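Below: start04.cif (mmCIF, C-alpha atoms and all ligand atoms)
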```cif
data_upload
loop_
_atom_site.label_atom_id
_atom_site.label_comp_id
_atom_site.auth_asym_id
_atom_site.auth_seq_id
_atom_site.Cartn_x
_atom_site.Cartn_y
_atom_site.Cartn_z
CA MET A 1 0.00 0.00 0.00
CA LEU A 2 1.13 3.51 -0.77
CA VAL A 3 1.60 5.64 2.36
CA SER A 4 3.34 8.91 3.09
CA THR A 5 7.06 8.93 3.78
CA GLU A 6 6.44 11.02 6.89
CA GLN A 7 4.15 8.31 8.23
CA LEU A 8 6.81 5.63 7.60
CA LEU A 9 9.52 7.66 9.30
CA LYS A 10 7.38 8.66 12.29
CA GLN A 11 6.38 5.07 12.93
CA ALA A 12 9.99 3.93 12.63
CA ARG A 13 11.22 6.58 15.04
CA GLN A 14 8.46 5.78 17.50
CA ASP A 15 9.20 2.04 17.45
CA SER A 16 13.02 2.38 17.31
CA TYR A 17 13.75 0.91 13.92
CA ALA A 18 14.69 2.45 10.56
CA VAL A 19 13.18 2.34 7.09
CA GLY A 20 15.33 1.36 4.11
CA ALA A 21 15.21 3.61 1.06
CA PHE A 22 16.54 1.71 -1.94
CA ASN A 23 17.57 3.38 -5.19
CA VAL A 24 15.85 1.80 -8.18
CA TYR A 25 16.45 2.43 -11.87
CA THR A 26 14.53 -0.33 -13.59
CA LEU A 27 11.44 -2.44 -13.20
CA GLU A 28 13.69 -5.27 -11.99
CA GLY A 29 14.94 -3.05 -9.17
CA VAL A 30 11.40 -2.03 -8.25
CA ARG A 31 10.25 -5.64 -8.23
CA ALA A 32 13.24 -6.74 -6.12
CA VAL A 33 12.56 -4.14 -3.41
CA VAL A 34 8.80 -4.76 -3.27
CA SER A 35 9.22 -8.50 -3.24
CA ALA A 36 11.96 -8.38 -0.54
CA ALA A 37 9.84 -6.10 1.66
CA GLU A 38 6.80 -8.35 1.27
CA GLN A 39 8.85 -11.46 2.04
CA VAL A 40 10.02 -10.12 5.41
CA HIS A 41 6.86 -8.06 6.15
CA SER A 42 8.67 -4.77 6.19
CA PRO A 43 7.86 -1.21 5.16
CA ALA A 44 10.28 0.22 2.58
CA ILE A 45 10.89 3.21 0.33
CA LEU A 46 11.47 3.12 -3.43
CA GLN A 47 13.92 5.89 -4.24
CA VAL A 48 14.75 7.44 -7.61
CA LEU A 49 17.63 9.67 -8.63
CA PRO A 50 17.27 12.71 -10.91
CA SER A 51 19.78 11.11 -13.34
CA ALA A 52 17.41 8.18 -13.88
CA LEU A 53 14.46 10.55 -14.32
CA GLU A 54 16.42 12.49 -16.91
CA LEU A 55 16.81 9.31 -18.90
CA VAL A 56 13.34 7.81 -18.68
CA GLY A 57 11.13 10.64 -17.43
CA THR A 58 8.47 10.60 -14.75
CA ALA A 59 7.24 7.20 -16.03
CA LEU A 60 9.70 5.76 -13.51
CA ILE A 61 7.85 7.55 -10.71
CA ALA A 62 4.51 6.29 -12.03
CA CYS A 63 5.90 2.76 -12.10
CA CYS A 64 7.16 3.02 -8.50
CA LEU A 65 3.87 4.52 -7.30
CA GLU A 66 1.85 1.74 -8.90
CA ALA A 67 4.18 -0.92 -7.47
CA ALA A 68 3.84 0.67 -4.02
CA ARG A 69 0.04 0.75 -4.33
CA GLN A 70 -0.03 -2.94 -5.24
CA ALA A 71 2.42 -3.95 -2.49
CA ALA A 72 1.17 -5.89 0.52
CA VAL A 73 3.34 -3.74 2.82
CA PRO A 74 3.47 0.04 3.42
CA MET A 75 5.71 1.79 0.91
CA SER A 76 6.40 5.27 -0.40
CA VAL A 77 8.32 6.75 -3.32
CA HIS A 78 11.11 9.29 -2.78
CA LEU A 79 13.13 11.62 -5.02
CA ASP A 80 16.77 11.34 -3.91
CA HIS A 81 19.36 14.18 -4.00
CA CYS A 82 17.72 16.83 -6.14
CA ARG A 83 19.17 20.30 -6.68
CA SER A 84 16.83 21.34 -9.48
CA PRO A 85 13.55 23.12 -8.64
CA THR A 86 12.22 22.07 -12.06
CA THR A 87 12.85 18.39 -11.40
CA ILE A 88 11.41 18.66 -7.89
CA THR A 89 8.27 20.34 -9.25
CA GLY A 90 7.94 17.70 -11.98
CA ALA A 91 8.31 14.86 -9.48
CA LEU A 92 5.74 16.41 -7.13
CA ASN A 93 3.32 16.87 -10.02
CA ALA A 94 3.89 13.22 -10.95
CA GLY A 95 2.67 12.28 -7.47
CA ILE A 96 5.91 11.38 -5.71
CA SER A 97 5.53 10.92 -1.93
CA SER A 98 8.63 12.80 -0.84
CA ILE A 99 11.64 14.74 -2.04
CA MET A 100 15.16 15.39 -0.90
CA ALA A 101 15.86 19.05 -1.57
CA ASP A 102 19.64 18.89 -1.79
CA GLY A 103 21.26 22.24 -1.14
CA SER A 104 24.18 20.62 0.64
CA GLN A 105 26.74 21.96 -1.88
CA LEU A 106 25.67 25.52 -1.07
CA PRO A 107 26.88 27.70 1.79
CA PHE A 108 24.71 27.38 4.91
CA ALA A 109 22.46 30.43 4.32
CA ARG A 110 21.82 29.53 0.68
CA ASN A 111 21.21 25.88 1.53
CA MET A 112 18.66 27.05 4.09
CA ASP A 113 16.98 29.37 1.59
CA PHE A 114 16.82 26.75 -1.19
CA THR A 115 15.56 24.10 1.21
CA ARG A 116 12.92 26.40 2.70
CA ARG A 117 11.52 27.23 -0.76
CA MET A 118 11.40 23.59 -1.87
CA ALA A 119 9.94 22.49 1.48
CA ALA A 120 7.17 25.11 1.25
CA LEU A 121 6.24 23.82 -2.20
CA ALA A 122 6.23 20.16 -1.16
CA ILE A 123 4.38 20.82 2.08
CA SER A 124 1.69 22.80 0.19
CA MET A 125 1.07 19.53 -1.67
CA GLN A 126 1.09 17.46 1.54
CA ARG A 127 4.36 15.74 0.72
CA THR A 128 7.38 14.92 2.87
CA VAL A 129 10.73 16.72 2.66
CA GLU A 130 14.25 15.60 3.50
CA ALA A 131 17.27 17.89 3.35
CA GLU A 132 20.97 17.61 4.05
CA LEU A 133 23.17 19.67 6.29
CA GLY A 134 26.90 19.24 5.78
CA CYS A 135 28.06 17.74 2.52
CA LEU A 136 28.50 14.08 1.72
CA SER A 137 31.50 13.03 -0.35
CA GLY A 138 31.39 10.55 -3.18
CA THR A 139 34.58 9.04 -1.92
CA GLU A 140 37.14 9.70 0.74
CA ASP A 141 39.93 9.85 -1.84
CA GLY A 142 41.68 13.17 -2.22
CA ILE A 143 40.01 14.81 0.77
CA THR A 144 42.15 16.07 3.63
CA VAL A 145 41.12 15.45 7.22
CA ALA A 146 40.39 19.18 7.67
CA ASP A 147 38.28 19.24 4.50
CA ARG A 148 36.44 16.16 5.60
CA LYS A 149 35.68 17.62 9.01
CA ALA A 150 34.44 20.89 7.52
CA ARG A 151 31.92 18.93 5.49
CA LEU A 152 30.39 17.19 8.48
CA THR A 153 27.05 18.33 9.92
CA ASP A 154 27.46 21.07 12.52
CA PRO A 155 25.12 20.16 15.41
CA ASP A 156 24.82 23.84 16.36
CA GLN A 157 23.49 24.71 12.89
CA ALA A 158 21.09 21.76 12.83
CA THR A 159 18.41 23.30 15.09
CA ASP A 160 18.30 26.54 13.10
CA PHE A 161 18.24 24.67 9.82
CA VAL A 162 15.32 22.45 10.82
CA ASP A 163 13.35 25.30 12.44
CA HIS A 164 13.77 27.62 9.46
CA THR A 165 13.13 25.14 6.69
CA GLY A 166 10.30 23.05 8.14
CA VAL A 167 11.75 19.79 6.77
CA HIS A 168 10.49 16.45 8.09
CA ALA A 169 13.81 14.57 8.00
CA LEU A 170 17.46 15.58 8.15
CA ALA A 171 20.29 13.78 6.36
CA VAL A 172 23.45 14.02 8.41
CA CYS A 173 27.10 13.82 7.42
CA ILE A 174 29.08 12.07 10.13
CA GLY A 175 31.81 10.44 8.02
CA ASN A 176 29.47 8.41 5.80
CA VAL A 177 30.24 8.47 2.06
CA HIS A 178 28.36 7.48 -1.07
CA GLY A 179 29.56 4.46 -2.99
CA ARG A 180 32.52 2.41 -1.88
CA TYR A 181 34.48 3.05 1.30
CA HIS A 182 38.14 2.96 0.33
CA SER A 183 39.25 2.70 3.94
CA PRO A 184 37.34 1.31 6.93
CA PRO A 185 34.37 3.61 7.62
CA GLU A 186 34.67 5.88 10.62
CA LEU A 187 31.43 7.40 11.79
CA ASP A 188 31.48 10.26 14.28
CA PHE A 189 28.91 8.95 16.77
CA ASP A 190 29.54 11.80 19.22
CA ARG A 191 28.45 14.19 16.49
CA LEU A 192 25.39 12.06 15.77
CA ALA A 193 24.49 12.14 19.48
CA ALA A 194 24.87 15.93 19.55
CA ILE A 195 22.62 16.33 16.49
CA ALA A 196 20.03 13.90 17.86
CA ASP A 197 20.05 15.88 21.10
CA ARG A 198 19.18 19.13 19.34
CA VAL A 199 16.83 17.92 16.62
CA SER A 200 13.64 15.96 17.18
CA ILE A 201 12.81 15.04 13.55
CA PRO A 202 13.95 11.66 12.13
CA LEU A 203 17.58 11.56 10.97
CA VAL A 204 18.72 10.02 7.70
CA LEU A 205 22.00 8.30 6.90
CA HIS A 206 23.16 8.14 3.29
CA GLY A 207 25.97 5.93 2.00
CA THR A 208 24.80 2.79 3.77
CA SER A 209 26.44 0.32 1.37
CA GLY A 210 29.58 -1.02 2.99
CA LEU A 211 28.84 0.19 6.53
CA PRO A 212 29.48 -2.51 9.15
CA ASP A 213 26.33 -3.97 10.72
CA ALA A 214 27.28 -2.78 14.22
CA MET A 215 27.49 0.84 13.03
CA ILE A 216 24.06 0.59 11.45
CA THR A 217 22.39 -0.80 14.57
CA ARG A 218 24.14 1.79 16.73
CA ALA A 219 22.92 4.58 14.42
CA VAL A 220 19.35 3.24 14.65
CA SER A 221 19.55 3.27 18.45
CA MET A 222 20.58 6.94 18.26
CA GLY A 223 17.67 8.18 16.12
CA VAL A 224 18.49 7.36 12.49
CA ALA A 225 15.13 6.40 10.98
CA LYS A 226 16.02 6.19 7.26
CA PHE A 227 18.99 4.59 5.52
CA ASN A 228 19.73 5.11 1.84
CA VAL A 229 21.07 2.09 -0.01
CA ASN A 230 22.17 2.17 -3.62
CA THR A 231 25.55 0.59 -4.46
CA GLU A 232 24.99 -2.82 -2.88
CA LEU A 233 21.80 -3.68 -4.74
CA ARG A 234 22.79 -1.98 -7.99
CA ASP A 235 26.09 -3.94 -8.06
CA ALA A 236 24.30 -7.18 -7.23
CA GLY A 237 21.89 -6.69 -10.15
CA ILE A 238 24.57 -5.71 -12.65
CA ALA A 239 26.86 -8.60 -11.65
CA ALA A 240 24.07 -11.18 -11.81
CA GLY A 241 22.82 -9.93 -15.18
CA GLY A 242 26.35 -10.00 -16.61
CA ARG A 243 27.01 -13.50 -15.26
CA TYR A 244 23.76 -14.75 -16.75
CA MET A 245 24.67 -13.34 -20.18
CA ARG A 246 28.15 -14.90 -20.05
CA LEU A 247 27.02 -18.33 -18.95
CA SER A 248 23.77 -18.77 -20.82
CA GLU A 249 23.92 -20.47 -24.20
CA LYS A 250 20.57 -19.07 -25.28
CA PRO A 251 19.90 -15.95 -23.23
CA GLU A 252 16.29 -14.90 -22.70
CA LEU A 253 15.55 -11.39 -21.51
CA VAL A 254 12.86 -12.51 -19.09
CA ASP A 255 15.32 -14.98 -17.51
CA ARG A 256 17.90 -12.26 -17.15
CA MET A 257 15.29 -10.03 -15.51
CA GLN A 258 14.40 -12.82 -13.10
CA THR A 259 18.10 -13.40 -12.29
CA GLU A 260 18.61 -9.71 -11.56
CA ILE A 261 15.50 -9.50 -9.39
CA GLU A 262 16.61 -12.45 -7.27
CA ALA A 263 20.15 -11.09 -6.97
CA MET A 264 18.95 -7.64 -5.83
CA LYS A 265 16.50 -9.11 -3.33
CA HIS A 266 19.27 -10.57 -1.16
CA PRO A 267 20.96 -7.33 -0.08
CA VAL A 268 17.55 -5.68 0.39
CA ILE A 269 16.34 -8.44 2.72
CA ALA A 270 19.61 -8.36 4.69
CA LYS A 271 19.30 -4.59 5.17
CA LEU A 272 15.62 -4.72 6.18
CA VAL A 273 16.47 -7.26 8.87
CA LEU A 274 19.42 -5.16 10.04
CA PHE A 275 17.39 -1.94 10.18
CA GLY A 276 14.90 -3.72 12.44
CA SER A 277 11.98 -3.06 10.09
CA ALA A 278 11.40 -6.72 9.16
CA GLY A 279 8.15 -7.88 10.72
CA LYS A 280 7.00 -4.30 11.33
CA ALA A 281 4.49 -4.11 8.45
CA PRO A 282 0.93 -4.41 9.76
P1 LIG A 301 25.30 3.93 -1.18
O1 LIG A 301 25.42 3.81 -2.66
O2 LIG A 301 26.61 4.10 -0.52
O3 LIG A 301 24.49 2.83 -0.59
O4 LIG A 301 24.54 5.29 -0.87
C1 LIG A 301 23.24 5.47 -1.33
C2 LIG A 301 22.74 6.82 -1.01
O5 LIG A 301 23.09 7.43 -0.02
C3 LIG A 301 21.77 7.40 -1.95
O6 LIG A 301 21.34 8.65 -1.57
#
```

Write out the structure in this file as structure tokens.
Amino acid sequence: MLVSTEQLLKQARQDSYAVGAFNVYTLEGVRAVVSAAEQVHSPAILQVLPSALELVGTALIACCLEAARQAAVPMSVHLDHCRSPTTITGALNAGISSIMADGSQLPFARNMDFTRRMAALAISMQRTVEAELGCLSGTEDGITVADRKARLTDPDQATDFVDHTGVHALAVCIGNVHGRYHSPPELDFDRLAAIADRVSIPLVLHGTSGLPDAMITRAVSMGVAKFNVNTELRDAGIAAGGRYMRLSEKPELVDRMQTEIEAMKHPVIAKLVLFGSAGKAP
């Protein structure tokens, strides 16, 4: 069933678990996430990136919304990392449940201004808004320790940011990175505690692929209610599809689709169990 992202996050926060938001690009990805969530009776979020929308248009949102409506578990559809007001407006008009207004590359005041404008628009349409304070790196390579620290979320700015923008969820930067971790991940849990102390809305952690299980469960216990997962399921699907094409003497597209769906389901199920959301769907 299709529900609001705010409802999913509130419930998670209240019952001390987190919701997984999984980036999907294709129907196989959508099917893998829905089927994994149904298998372990978990709520989940289907998440789309602006780059995928650019390629295939808002039909991807329509596909996710319909899959969420048909699902036996509560689900919503979220626009991930969007800096473009035009894309945000298009996604909202296409019926998306929630958006991430991403002004994290901007200086604090401009991030706040951009986020406030996008939040006002989304809220006027009864949708949920996530924003980011601090700036997540794509990789740790080439970033000095001082640079890295400057990009982390400042707990003292977090209260102002949330109060002035009206967002429902805040993505924090505490040493998490998108994509692969090239050295063992180091999350600044003291910083997370300081943010959680000052901010009462659900917190979001991006860059979940590759984070050790213990860090994830600790983050949940400290108020993280949404985890974004992309690399692990995308890589699983690509690898399985490639293997199928190499090994099959007479490849069939529908068999390749099935192989990819099964391969992507595994990491999704593992994450839903880890986040504590398995078994939480009514
Ligand atoms: P990973 O690719 O590291 O899982 O990060 C996903 C993400 O944060 C998307 O917003």

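Remark: for A:Glu28, the closest of the candidate residues A:Val273, A:Val73, A:Ile238, A:Leu203 is A:Ile238 (distances computed over all atoms listed in the file).
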
List every residue of stretch 38-57 of chain A that has an atom at most 12 Å from any atom of stretch 86-109 of chain A, and for each one report the closest atom pair and its distance in Å to one decimal, counting all atoms listed in the file, with rows sorted by chain and then by increasing residue number, as CSV.
```
residue,atom,partner,partner_atom,distance
A:Ile45,CA,A:Ser97,CA,9.7
A:Leu46,CA,A:Ser97,CA,9.9
A:Gln47,CA,A:Ser98,CA,9.3
A:Val48,CA,A:Ile99,CA,9.7
A:Leu49,CA,A:Met100,CA,9.9
A:Pro50,CA,A:Thr87,CA,7.2
A:Ser51,CA,A:Thr87,CA,10.2
A:Ala52,CA,A:Thr87,CA,11.5
A:Leu53,CA,A:Thr87,CA,8.5
A:Glu54,CA,A:Thr87,CA,8.8
A:Gly57,CA,A:Ala91,CA,9.4
```

Rank nothing, just name the residue among A:Leu133, A:Ala72, A:Ala214, A:Leu60 nearest to A:Ile174, using all atoms listed in the file.
A:Leu133

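One finds atom CA of A:Ser35 at 20.3 Å from atom CA of A:Ala59.
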
Write as a PyMOL selection string the residues around ligand LIG 301 (chain A), taking 7 Å as the cut-off and counting all atoms listed in the file.
chain A and resi 23+80-81+177-180+206-210+228-232

note - atom CA of A:Leu247 and atom CA of A:Lys271 are separated by 28.8 Å

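Across A:Thr259, A:Ser248, A:Ser200, A:Ser183, the tightest approach to A:Leu170 is made by A:Ser200 when counting only C-alpha atoms.
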
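Using only C-alpha atoms, the shortest contact distance between A:Pro185 and any of A:Leu211, A:Ile61, A:Ile201, A:Ala169 is found at A:Leu211.
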
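Here atom CA of A:Cys63 and atom CA of A:Arg13 stand 27.9 Å from one another.
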
For A:Leu8: contacts at 12 Å, only C-alpha atoms, fewer than 2 positions along chain excluded, given as a VMD selection string
chain A and resid 1 to 6 10 to 21 42 to 45 73 to 78 97 to 98 128 168 to 169 202 225 to 226 277 280 to 282

One residue among A:Leu253, A:Ile195, A:Ile269, A:Gln7 is nearest to A:Gln126 when using only C-alpha atoms, and that residue is A:Gln7

Do you know which residues are at most 10 Å from A:Leu233 counting all atoms listed in the file, after dropping those on the same chain fewer than 2 positions away, and could you put them as a VMD selection string?
chain A and resid 22 to 24 29 32 to 33 209 229 to 231 235 to 239 260 to 261 263 to 268

Taking the block just given, write stretch 71-103 of chain A to a file that holds N, CA, C and O atoms, as a short mmCIF file (atom, residue, chain, number, x, y, z; two decimals), in the first residue's frame.
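The result, stored in decode03.cif:
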```cif
data_model
loop_
_atom_site.label_atom_id
_atom_site.label_comp_id
_atom_site.auth_asym_id
_atom_site.auth_seq_id
_atom_site.Cartn_x
_atom_site.Cartn_y
_atom_site.Cartn_z
N ALA A 71 1.64 -3.19 -3.47
CA ALA A 71 2.42 -3.95 -2.49
C ALA A 71 1.57 -4.31 -1.27
O ALA A 71 0.67 -3.56 -0.88
N ALA A 72 1.91 -5.43 -0.67
CA ALA A 72 1.17 -5.89 0.52
C ALA A 72 1.69 -5.22 1.78
O ALA A 72 1.18 -5.47 2.87
N VAL A 73 2.74 -4.41 1.66
CA VAL A 73 3.34 -3.74 2.82
C VAL A 73 3.35 -2.23 2.57
O VAL A 73 3.28 -1.80 1.41
N PRO A 74 3.46 -1.42 3.63
CA PRO A 74 3.47 0.04 3.42
C PRO A 74 4.75 0.50 2.71
O PRO A 74 5.85 0.14 3.12
N MET A 75 4.55 1.30 1.67
CA MET A 75 5.71 1.79 0.91
C MET A 75 5.45 3.22 0.46
O MET A 75 4.30 3.65 0.32
N SER A 76 6.54 3.94 0.21
CA SER A 76 6.40 5.27 -0.40
C SER A 76 7.47 5.41 -1.47
O SER A 76 8.33 4.53 -1.63
N VAL A 77 7.39 6.52 -2.20
CA VAL A 77 8.32 6.75 -3.32
C VAL A 77 9.01 8.10 -3.10
O VAL A 77 8.33 9.12 -2.86
N HIS A 78 10.33 8.11 -3.19
CA HIS A 78 11.11 9.29 -2.78
C HIS A 78 12.05 9.74 -3.90
O HIS A 78 12.69 8.92 -4.56
N LEU A 79 12.14 11.05 -4.08
CA LEU A 79 13.13 11.62 -5.02
C LEU A 79 14.40 11.90 -4.23
O LEU A 79 14.41 12.70 -3.29
N ASP A 80 15.50 11.25 -4.63
CA ASP A 80 16.77 11.34 -3.91
C ASP A 80 17.58 12.54 -4.45
O ASP A 80 17.48 12.86 -5.65
N HIS A 81 18.38 13.16 -3.62
CA HIS A 81 19.36 14.18 -4.00
C HIS A 81 18.99 15.05 -5.20
O HIS A 81 19.53 14.89 -6.29
N CYS A 82 18.10 16.00 -5.00
CA CYS A 82 17.72 16.83 -6.14
C CYS A 82 18.04 18.30 -5.88
O CYS A 82 17.60 18.88 -4.89
N ARG A 83 18.80 18.88 -6.79
CA ARG A 83 19.17 20.30 -6.68
C ARG A 83 18.34 21.17 -7.60
O ARG A 83 18.47 22.39 -7.58
N SER A 84 17.53 20.56 -8.46
CA SER A 84 16.83 21.34 -9.48
C SER A 84 15.36 21.56 -9.10
O SER A 84 14.57 20.61 -8.98
N PRO A 85 14.96 22.84 -8.94
CA PRO A 85 13.55 23.12 -8.64
C PRO A 85 12.61 22.57 -9.72
O PRO A 85 11.50 22.13 -9.42
N THR A 86 13.08 22.57 -10.97
CA THR A 86 12.22 22.07 -12.06
C THR A 86 11.97 20.58 -11.89
O THR A 86 10.83 20.10 -12.05
N THR A 87 13.02 19.84 -11.58
CA THR A 87 12.85 18.39 -11.40
C THR A 87 12.00 18.09 -10.17
O THR A 87 11.14 17.20 -10.19
N ILE A 88 12.22 18.86 -9.10
CA ILE A 88 11.41 18.66 -7.89
C ILE A 88 9.93 18.92 -8.19
O ILE A 88 9.06 18.12 -7.85
N THR A 89 9.66 20.01 -8.90
CA THR A 89 8.27 20.34 -9.25
C THR A 89 7.66 19.23 -10.12
O THR A 89 6.52 18.81 -9.89
N GLY A 90 8.43 18.77 -11.09
CA GLY A 90 7.94 17.70 -11.98
C GLY A 90 7.64 16.43 -11.21
O GLY A 90 6.62 15.77 -11.45
N ALA A 91 8.52 16.09 -10.27
CA ALA A 91 8.31 14.86 -9.48
C ALA A 91 7.08 15.00 -8.58
O ALA A 91 6.29 14.07 -8.44
N LEU A 92 6.92 16.19 -7.99
CA LEU A 92 5.74 16.41 -7.13
C LEU A 92 4.46 16.33 -7.97
O LEU A 92 3.48 15.70 -7.56
N ASN A 93 4.50 16.93 -9.15
CA ASN A 93 3.32 16.87 -10.02
C ASN A 93 3.02 15.45 -10.48
O ASN A 93 1.87 15.11 -10.78
N ALA A 94 4.09 14.63 -10.54
CA ALA A 94 3.89 13.22 -10.95
C ALA A 94 3.40 12.38 -9.77
O ALA A 94 3.18 11.17 -9.93
N GLY A 95 3.27 12.98 -8.60
CA GLY A 95 2.67 12.28 -7.47
C GLY A 95 3.64 11.67 -6.48
O GLY A 95 3.24 10.89 -5.61
N ILE A 96 4.92 12.00 -6.60
CA ILE A 96 5.91 11.38 -5.71
C ILE A 96 5.59 11.70 -4.24
O ILE A 96 5.06 12.78 -3.93
N SER A 97 5.90 10.76 -3.36
CA SER A 97 5.53 10.92 -1.93
C SER A 97 6.41 11.92 -1.21
O SER A 97 5.96 12.60 -0.30
N SER A 98 7.70 11.95 -1.59
CA SER A 98 8.63 12.80 -0.84
C SER A 98 9.82 13.18 -1.71
O SER A 98 10.12 12.51 -2.71
N ILE A 99 10.47 14.26 -1.29
CA ILE A 99 11.64 14.74 -2.04
C ILE A 99 12.79 15.00 -1.09
O ILE A 99 12.58 15.32 0.08
N MET A 100 14.02 14.88 -1.63
CA MET A 100 15.16 15.39 -0.90
C MET A 100 15.62 16.64 -1.64
O MET A 100 16.12 16.58 -2.77
N ALA A 101 15.39 17.79 -1.01
CA ALA A 101 15.86 19.05 -1.57
C ALA A 101 17.33 19.16 -1.16
O ALA A 101 17.64 19.36 0.01
N ASP A 102 18.22 19.00 -2.13
CA ASP A 102 19.64 18.89 -1.79
C ASP A 102 20.39 20.19 -2.07
O ASP A 102 20.89 20.43 -3.16
N GLY A 103 20.49 21.00 -1.03
CA GLY A 103 21.26 22.24 -1.14
C GLY A 103 22.59 22.10 -0.41
O GLY A 103 23.22 23.11 -0.05
#
```
